[in-house]
Every structure is written in structure tokens, then in C-alpha cells.
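Novice: One structure coming up, written as C-alpha cells, with questions to follow.
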Number of protein chains: 2
Amino acid sequence: MNTDTLDRKLLGLLQEDAKKTNKELAGKLGLSVTAVYERIKKLERAGVISKYVALVKPEKVDRAFTAFCQIKLVQHTKNNVTAFESQVAKLSEVLEVFHVSGEYDYILKVMVRDMEAYREFMLNKLTALDHIGSTQSTFVISPVKNSTVLKV
Amino acid sequence: MNTDTLDRKLLGLLQEDAKKTNKELAGKLGLSVTAVYERIKKLERAGVISKYVALVKPEKVDRAFTAFCQIKLVQHTKNNVTAFESQVAKLSEVLEVFHVSGEYDYILKVMVRDMEAYREFMLNKLTALDHIGSTQSTFVISPVKNSTVLKV
DNA sequence: GCTGAAAATTAAGCACG
DNA sequence: CGTGCTTAATTTTCAGC
């Protein structure tokens with residue numbers, strides 16, 4: 001799909017606030033409401049916009065403690081990898097899982113209430129998974145930036 | 001704010017799909033449209049829901065290459081820390097910045113087009129920032145899970 | 001705090017340049 | 001592809017419980 005400058009601006013606006021009405025967007029872009037509507041539908045159909053979500057403040061729901069957990073598997077057979085990935089993806093404390101290059105195999109972003117909850121999580125949930133070799137945790141002291149906006 | 005089971009269910013639904021109508025939500029929760037409407041407004045006013053955003057597929061906008069970049073500052077004076085944080089937060093390639101414990105001071109999540117774009121980013125943007133000591137990059141081979149949902 | 005209906009706004013569809 | 005009008009749907013408000 002070819003996206004022009006207006007599409008890029010539109011994507012920027014919708015990534016900041018998806019509740020803006022087409023009328024407001026039209027005003028900012030210098031287009032008609034229908035033109036905005038059609039551009040949005042085109043971006044949705046093309047899969048550029050994958051979904052619309054509400055973002056929740058972690059501290060308001062007791063999930064303000066963030067840690068990155070790096071993981072090594074004991075063995076990298078296809079079965080081990082598949083099993084580990086599907087199991088770890090099920091854990092609600094684990095927001096993100098990336099298979100990565102380097103010393104460790106995976107990086108997890110984990111969000112829980114506090115350090116005690118993290119300890120509980122490690123003991124009862126994570127290290128209960130199959131095929132885990134070693135782990136290393138890095139704790140967030142302060143979130144400096146946390147954006148979902150892909151500037152295009 | 002006290003959130004009951006219905007609020008938690010509602011937050012779960014809105015975090016998955018913010019475009020659901022109050023009518024649909026009402027059906028799923030066994031409430032009236034107005035009751036849903038008032039609960040949502042309450043959650044917004046209380047700041048539990050911080051914003052509504054459109055999520056964009058990285059591969060559709062040439063940003064499918066993700067790297068984690070760990071950074072050490074040369075010196076941890078207050079001025080250095082403040083200056084670095086404000087500068088790095090301005091970079092659109094850097095989606096997330098966390099001040100962390102451990103060997104490195106910061107973890108950055110960087111999203112760019114490809115490895116070449118990452119090299120460009122490192123040379124021209126990141127290492128151009130003041131006070132950076134050393135960096136270490138970890139590259140994402142495959143994203144396994146990438147959620148914004150805080151299960152409450 | 002919930003319900004149901006009315007009023008206001010917005011989204012979706014249509015004819016046309 | 002764009003605009004402007006028309007209709008459908010949804011959000012928001014309100015009286016009453």
C-alpha cells in the first residue's frame with residue numbers, strides 16, 4: 001500500500017488518540033469527513049492499523065513494577081522452543097516476549113505489583129516452565145518513555 | 001478507586017478492542033448500555049484508562065526490525081541523567097526507555113526498518129547524544145508476544 | 001448504581017464531479 | 001479520489017427507581 005503524507009499524519013494522530021472524531025481529524029488534515037473516513041478504512045483494510053486499544057495506567061491497577069527477564073533455554077530443539085514460547089506467552093504477567101540474539105535466548109518484559117510479587121512470579125510461574133536453563137533479571141528503576149507510536 | 005469484577009472485565013475488553021460499542025460491551029457484561037457508559041467514564045476520570053490508541057503493524061510501515069540497546073552513562077550526575085533522558089526520549093526510533101538496575105543504566109527498545117537503518121541510528125542519532133559511555137545491542141530474531149493488556 | 005427512552009453526535013452509505 | 005447530502009448507529013443525557 002502506498003501511504004502519502006496525509007496518511008502518515010493520520011496514522012500519527014490515531015496512534016496518539018484513537019477517540020478523535022473524523023470531524024476533528026478532517027479539520028487537522030484539511031480534508032472532508034468522508035475523505036478521512038475512507039482513508040481510515042483503507043488503512044484498516046490494508047492491516048496498517050491492526051487494532052484499537054485502551055491503555056491502562058499500571059500504577060492504577062497495581063502493576064507498576066517492571067522487570068526485564070533474560071532467559072536461556074537448556075536445549076534449543078524445535079520442540080523445546082515451541083513449548084517454551086507457547087507456555088510463556090500464556091502468562092499474564094509477561095507482556096512481551098522476544099526471541100533474541102546474544103548470550104540469552106529470550107527477553108521478557110514482566111509487569112507485576114512489586115518486588116515480592118516478582119519473586120512469587122519467578123518461583124511459581126516462570127521457573128515452573130519446561131526447558132529453562134538460566135535467567136537474569138533487570139529491574140526498572142524509572143520508566144523514562146513508553147510509547148506505542150511508530151512515527152512513519 | 002475501587003474496581004469490582006465488572007470493572008475488571010470491562011478493562012479487559014477495552015484493552016483488547018477499544019472500538020467495541022457500549023451495546024456490545026453491555027451484552028457481554030450483562031449490563032445496560034448506560035451502566036457500561038458510566039463505568040467507562042468513571043475509569044477514564046480516575047485515570048485508570050489513560051488513553052485510547054490505534055496500534056500500527058510495524059512491518060506495514062517499515063519498522064519491523066527491533067533491537068534492545070543497553071546503555072551506560074559516563075557519569076551519573078543529575079545533569080547528565082536529565083540531559084540524556086530528555087534527549088533520548090525525543091528520538092522517534094526509540095519507543096521505550098527505562099532506567100534500570102544492573103550493569104547498564106538504561107534499556108531502550110528501538111524499532112527501525114532493518115539492520116542497516118539500525119546502524120545509521122546508532123551512528124547518527126544515539127551515539128551523538130551527550131554523556132553516553134558504552135552501549136550493547138541485542139537484536140530481536142522473532143517477536144513471540146507483544147501485548148499492551150494488563151490483566152487486572 | 002442501574003434501567004429505559006429521548007436527544008445529540010458521529011459513522012456509514014450514496015450520488016456525483 | 002474528492003465533496004456534500006442522507007440515513008443508520010452510537011454516544012450522551014435525563015427522569016425515575
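Starting from 1 in every chain, residues are counted up; chains themselves are A, B, ... following the order of the C-alpha cells, and ligands are numbered from 1 as listed.
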Report as an MDAnalysis selection string the set of chain D residues whose atoms approach chain A to within 12 Å, with distances computed over only C-alpha atoms (C1' of nucleotides).

Specialist: chainID D and resid 1:5

Novice: Would you list the contacts of range 1-15 of chain C as JSON, numbers by chain, taking every protein, DNA or RNA residue within 9 Å and counting only C-alpha atoms (C1' of nucleotides), but skipping same-chain residues closer than 5 positions in sequence?

Specialist: {"A": [21, 22, 23, 37], "B": [31, 32, 34, 35], "D": [5, 6, 7, 8, 9, 10, 11, 12, 13, 14, 16, 17]}

Novice: Might you pull out every residue within 9 Å of Val94 in chain A, with only C-alpha atoms (C1' of nucleotides) counted and same-chain residues fewer than 4 positions away left off, and present them as an MDAnalysis selection string?

Specialist: (chainID A and resid 88:90 108:112) or (chainID B and resid 145 147)

Novice: Starting from chain B, keep only residues with some atom at most 7 Å from an atom of chain A, counting only C-alpha atoms, and report them as a PyMOL selection string.

Specialist: chain B and resi 14-19+48-57+60-61+85+89+92+95-102+138-148+151-152

Novice: Which distance in Å separates CA of Ala64 in chain B and CA of Lys125 in chain B, to one decimal?

Specialist: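 Between these atoms lies a distance of 18.8 Å.
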
Novice: Mind giving me the straight-line distance from CA of Leu73 in chain B to CA of Gln136 in chain B in Å, one decimal?

Specialist: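 Those two atoms sit 12.2 Å apart.
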
Novice: Residues of range 57-101 of chain A classed as strand (DSSP E or B) by DSSP on the backbone are to be reported as a ChimeraX atom specification.

Specialist: /A:65-73,94-100

Novice: For the residues selected in the previous step, produce a file with all heavy atoms as a CSV table (one decimal), in the first residue's frame.

Specialist:
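As written to disk, out_25.csv reads:
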```csv
chain,number,residue,atom,x,y,z
A,65,PHE,N,5.4,-2.3,38.9
A,65,PHE,CA,6.8,-2.8,39.0
A,65,PHE,C,7.1,-3.6,37.7
A,65,PHE,O,6.5,-4.6,37.3
A,65,PHE,CB,6.9,-3.8,40.2
A,65,PHE,CG,8.3,-4.3,40.4
A,65,PHE,CD1,9.2,-3.5,41.2
A,65,PHE,CD2,8.7,-5.5,39.9
A,65,PHE,CE1,10.4,-4.0,41.5
A,65,PHE,CE2,10.0,-5.9,40.1
A,65,PHE,CZ,10.9,-5.2,40.9
A,66,THR,N,8.1,-3.1,37.0
A,66,THR,CA,8.5,-3.7,35.7
A,66,THR,C,9.9,-4.3,35.8
A,66,THR,O,10.8,-3.7,36.3
A,66,THR,CB,8.5,-2.6,34.6
A,66,THR,OG1,7.2,-2.0,34.5
A,66,THR,CG2,8.8,-3.3,33.2
A,67,ALA,N,10.1,-5.5,35.2
A,67,ALA,CA,11.4,-6.1,35.1
A,67,ALA,C,11.6,-6.7,33.7
A,67,ALA,O,10.6,-7.1,33.1
A,67,ALA,CB,11.5,-7.2,36.2
A,68,PHE,N,12.8,-6.7,33.3
A,68,PHE,CA,13.2,-7.4,32.1
A,68,PHE,C,13.9,-8.7,32.6
A,68,PHE,O,14.8,-8.7,33.4
A,68,PHE,CB,14.1,-6.6,31.2
A,68,PHE,CG,13.4,-5.5,30.5
A,68,PHE,CD1,13.4,-4.2,31.1
A,68,PHE,CD2,12.8,-5.7,29.3
A,68,PHE,CE1,12.8,-3.2,30.5
A,68,PHE,CE2,12.1,-4.6,28.7
A,68,PHE,CZ,12.1,-3.3,29.3
A,69,CYS,N,13.4,-9.8,32.0
A,69,CYS,CA,14.0,-11.1,32.4
A,69,CYS,C,14.5,-11.8,31.2
A,69,CYS,O,13.8,-12.0,30.2
A,69,CYS,CB,12.9,-12.0,33.0
A,69,CYS,SG,13.5,-13.5,33.6
A,70,GLN,N,15.9,-12.0,31.3
A,70,GLN,CA,16.5,-12.7,30.1
A,70,GLN,C,16.6,-14.2,30.5
A,70,GLN,O,16.9,-14.5,31.6
A,70,GLN,CB,17.9,-12.1,29.9
A,70,GLN,CG,17.8,-10.6,29.5
A,70,GLN,CD,19.2,-10.0,29.3
A,70,GLN,OE1,19.9,-9.7,30.3
A,70,GLN,NE2,19.7,-9.9,28.0
A,71,ILE,N,16.4,-15.0,29.4
A,71,ILE,CA,16.3,-16.4,29.7
A,71,ILE,C,17.1,-17.2,28.7
A,71,ILE,O,17.2,-16.9,27.5
A,71,ILE,CB,14.8,-16.9,29.5
A,71,ILE,CG1,14.0,-16.2,30.7
A,71,ILE,CG2,14.7,-18.4,29.5
A,71,ILE,CD1,12.5,-16.6,30.6
A,72,LYS,N,17.8,-18.2,29.2
A,72,LYS,CA,18.5,-19.2,28.4
A,72,LYS,C,17.7,-20.5,28.4
A,72,LYS,O,17.4,-20.9,29.5
A,72,LYS,CB,19.9,-19.5,28.9
A,72,LYS,CG,21.0,-18.5,28.4
A,72,LYS,CD,22.3,-19.0,28.9
A,72,LYS,CE,23.2,-17.7,29.3
A,72,LYS,NZ,24.5,-18.1,29.8
A,73,LEU,N,17.5,-21.2,27.3
A,73,LEU,CA,16.9,-22.5,27.3
A,73,LEU,C,18.1,-23.5,27.5
A,73,LEU,O,19.2,-23.3,27.2
A,73,LEU,CB,16.2,-22.8,26.0
A,73,LEU,CG,15.0,-21.9,25.7
A,73,LEU,CD1,14.2,-22.5,24.6
A,73,LEU,CD2,14.1,-21.8,26.9
A,94,VAL,N,3.6,-11.5,31.9
A,94,VAL,CA,4.5,-11.3,30.8
A,94,VAL,C,3.9,-10.6,29.7
A,94,VAL,O,3.1,-11.2,28.9
A,94,VAL,CB,5.1,-12.7,30.3
A,94,VAL,CG1,6.1,-12.5,29.2
A,94,VAL,CG2,5.7,-13.4,31.5
A,95,LEU,N,4.1,-9.3,29.5
A,95,LEU,CA,3.5,-8.5,28.5
A,95,LEU,C,4.2,-8.8,27.1
A,95,LEU,O,3.5,-8.8,26.1
A,95,LEU,CB,3.6,-7.0,28.8
A,95,LEU,CG,2.6,-6.4,29.8
A,95,LEU,CD1,1.3,-6.1,29.1
A,95,LEU,CD2,2.4,-7.2,31.0
A,96,GLU,N,5.5,-8.9,27.1
A,96,GLU,CA,6.2,-9.1,25.9
A,96,GLU,C,7.3,-10.2,26.0
A,96,GLU,O,7.9,-10.4,27.0
A,96,GLU,CB,6.9,-7.7,25.5
A,96,GLU,CG,6.0,-6.6,25.5
A,96,GLU,CD,6.7,-5.2,25.2
A,96,GLU,OE1,7.8,-5.3,24.7
A,96,GLU,OE2,6.0,-4.2,25.4
A,97,VAL,N,7.4,-10.9,24.9
A,97,VAL,CA,8.4,-11.9,24.8
A,97,VAL,C,9.1,-11.8,23.4
A,97,VAL,O,8.4,-11.7,22.4
A,97,VAL,CB,7.8,-13.3,24.8
A,97,VAL,CG1,8.8,-14.4,24.7
A,97,VAL,CG2,7.0,-13.5,26.1
A,98,PHE,N,10.4,-11.7,23.4
A,98,PHE,CA,11.2,-11.6,22.2
A,98,PHE,C,12.3,-12.7,22.2
A,98,PHE,O,13.0,-12.8,23.1
A,98,PHE,CB,11.8,-10.2,22.0
A,98,PHE,CG,10.8,-9.1,22.0
A,98,PHE,CD1,10.5,-8.4,23.1
A,98,PHE,CD2,10.2,-8.8,20.8
A,98,PHE,CE1,9.6,-7.4,23.0
A,98,PHE,CE2,9.3,-7.8,20.7
A,98,PHE,CZ,9.0,-7.1,21.8
A,99,HIS,N,12.3,-13.4,21.1
A,99,HIS,CA,13.4,-14.3,20.8
A,99,HIS,C,14.6,-13.5,20.3
A,99,HIS,O,14.4,-12.7,19.3
A,99,HIS,CB,13.0,-15.4,19.8
A,99,HIS,CG,14.1,-16.4,19.5
A,99,HIS,ND1,14.0,-17.2,18.4
A,99,HIS,CD2,15.2,-16.7,20.2
A,99,HIS,CE1,15.1,-18.0,18.4
A,99,HIS,NE2,15.8,-17.7,19.5
A,100,VAL,N,15.7,-13.5,20.9
A,100,VAL,CA,16.8,-12.5,20.6
A,100,VAL,C,18.1,-13.2,20.4
A,100,VAL,O,18.4,-14.4,20.7
A,100,VAL,CB,17.0,-11.5,21.7
A,100,VAL,CG1,15.7,-10.6,21.9
A,100,VAL,CG2,17.3,-12.2,23.0
```
